[in-house]
Amino acid sequence: MTALLEARGIRKSFAGVMALHFVDIDVDAGETVGLIGPNGAGKTTFFNCVLGILRSDSGVVRFDGRDISGLRVHERARCGIGRTFQRIELFAESTVREHLLIAERTRQGTGSLWKDLLGMGRPHRDEIARCDEVLELLGLGAVAEAPIEHLSLGQGRLVEVGRALMTDPKLLLLDEPSSGLDRKETADLAATLRKVQAEKGFAILLVEHDVEFVAGFTERSYVLDFGTMIAQGRTREVLRDPIVREAYLGVPATEGT
């Protein structure tokens, strides 16, 4: 069976420094996969190559059986790839619902986004209904009309997830979603993501530094170190690998062996 996401031989360098060295990653439909490694390992660079934000020096990205290597960012998104960012990217002085409405207009490609930003476009009933469905699914219905500035960091993370869900993704790329969250907020986020994924059936590729989150949330994981794949397999087995423990956790390879 063909994987939903197939990245083959992805190579990217910056000013002669190798950020990704012929990286291969697969994600099957509905699967939850981790992409882990120390800071500077190339994880976000890989995300950006998949999305077309960066053009890889070589390699191929196939999505749902289609070569998307030559497509632009918005074209890849409309194929069914959603994303959240390590740093929350939300619009000040806008409500939660307005964030989702803008994402819905972008998905439709109706050309009405500029009217929304200028306060000139009225949302249609079906647009509001789609937004409300996602808001309720994420437990954000009670804060739908709240300004973004009034939300907790955990709620802000969910708004980003909601915005990505408005694109009806087949694959959701999560870039360190627990960043800045405490243990309870992280556990709540993981529970919400599991519930939404079970209902919608999309796949997740997760970049994350929280080992406990990765271990409890993902089925398989890939490990990058200085742009090179050093391990892959079932997550709990990968996290016990001495080479991974040394590179990712700072535990000497000989310790505990």
# chains A, B, ... in the order shown; residues from 1 in each chain; ligands from 1

$ residues_around --residues "Gly82 in chain A" --least-positions-apart "5" --cutoff "12 Å" --atoms "only C-alpha atoms" --output "ChimeraX atom specification"
/A:47-48,50-51,73-77,103,107,160-175,202-206

$ residues_around --residues "range 91-99 of chain A" --least-positions-apart "4" --cutoff "9 Å" --atoms "only C-alpha atoms" --output "PyMOL selection string"
chain A and resi 103-104+116+128+131-132+135+140-141+143-149+156+159-160+162-163

$ residues_around --residues "range 2-6 of chain A" --least-positions-apart "5" --cutoff "6 Å" --atoms "only C-alpha atoms" --output "JSON, numbers by chain"
{"A": [26, 27, 28, 29, 61, 62, 63, 64]}

$ closest_residue --among "A:Gly201, A:Leu90, A:Gln155, A:Tyr222" --to "Ala142 in chain A" --atoms "only C-alpha atoms"
A:Gln155

$ residues_around --residues "Asp210 in chain A" --least-positions-apart "4" --cutoff "9 Å" --atoms "only C-alpha atoms" --output "list in words"
Glu176, Ser178, Ser179, Val214 and Ala215 of chain A

$ write_last_selection --atoms "N, CA and C atoms" --output "mmCIF file, in the first residue's frame"
data_model
loop_
_atom_site.group_PDB
_atom_site.id
_atom_site.type_symbol
_atom_site.label_atom_id
_atom_site.label_comp_id
_atom_site.auth_asym_id
_atom_site.auth_seq_id
_atom_site.Cartn_x
_atom_site.Cartn_y
_atom_site.Cartn_z
ATOM 1 N N GLU A 176 6.100 21.192 17.482
ATOM 2 C CA GLU A 176 6.249 21.427 18.923
ATOM 3 C C GLU A 176 4.989 22.047 19.553
ATOM 4 N N SER A 178 3.449 21.389 22.239
ATOM 5 C CA SER A 178 3.454 21.531 23.697
ATOM 6 C C SER A 178 4.381 22.637 24.186
ATOM 7 N N SER A 179 5.050 23.332 23.252
ATOM 8 C CA SER A 179 6.004 24.377 23.647
ATOM 9 C C SER A 179 5.320 25.439 24.498
ATOM 10 N N VAL A 214 5.788 12.473 23.254
ATOM 11 C CA VAL A 214 6.096 11.664 22.076
ATOM 12 C C VAL A 214 5.833 10.183 22.350
ATOM 13 N N ALA A 215 6.300 9.703 23.504
ATOM 14 C CA ALA A 215 6.161 8.287 23.843
ATOM 15 C C ALA A 215 4.701 7.869 23.963
#

$ atom_distance --atom1 "CA of Arg72 in chain A" --atom2 "CA of Lys43 in chain A"
20.2 Å

$ closest_residue --among "A:Leu158, A:Leu20, A:Val238, A:Ile25" --to "Leu181 in chain A" --atoms "only C-alpha atoms"
A:Leu158

$ closest_residue --among "A:Val211, A:Ile102, A:Leu54, A:Ile10" --to "Arg245 in chain A" --atoms "only C-alpha atoms"
A:Val211

$ atom_distance --atom1 "CA of Gly233 in chain A" --atom2 "CA of Glu31 in chain A"
13.1 Å
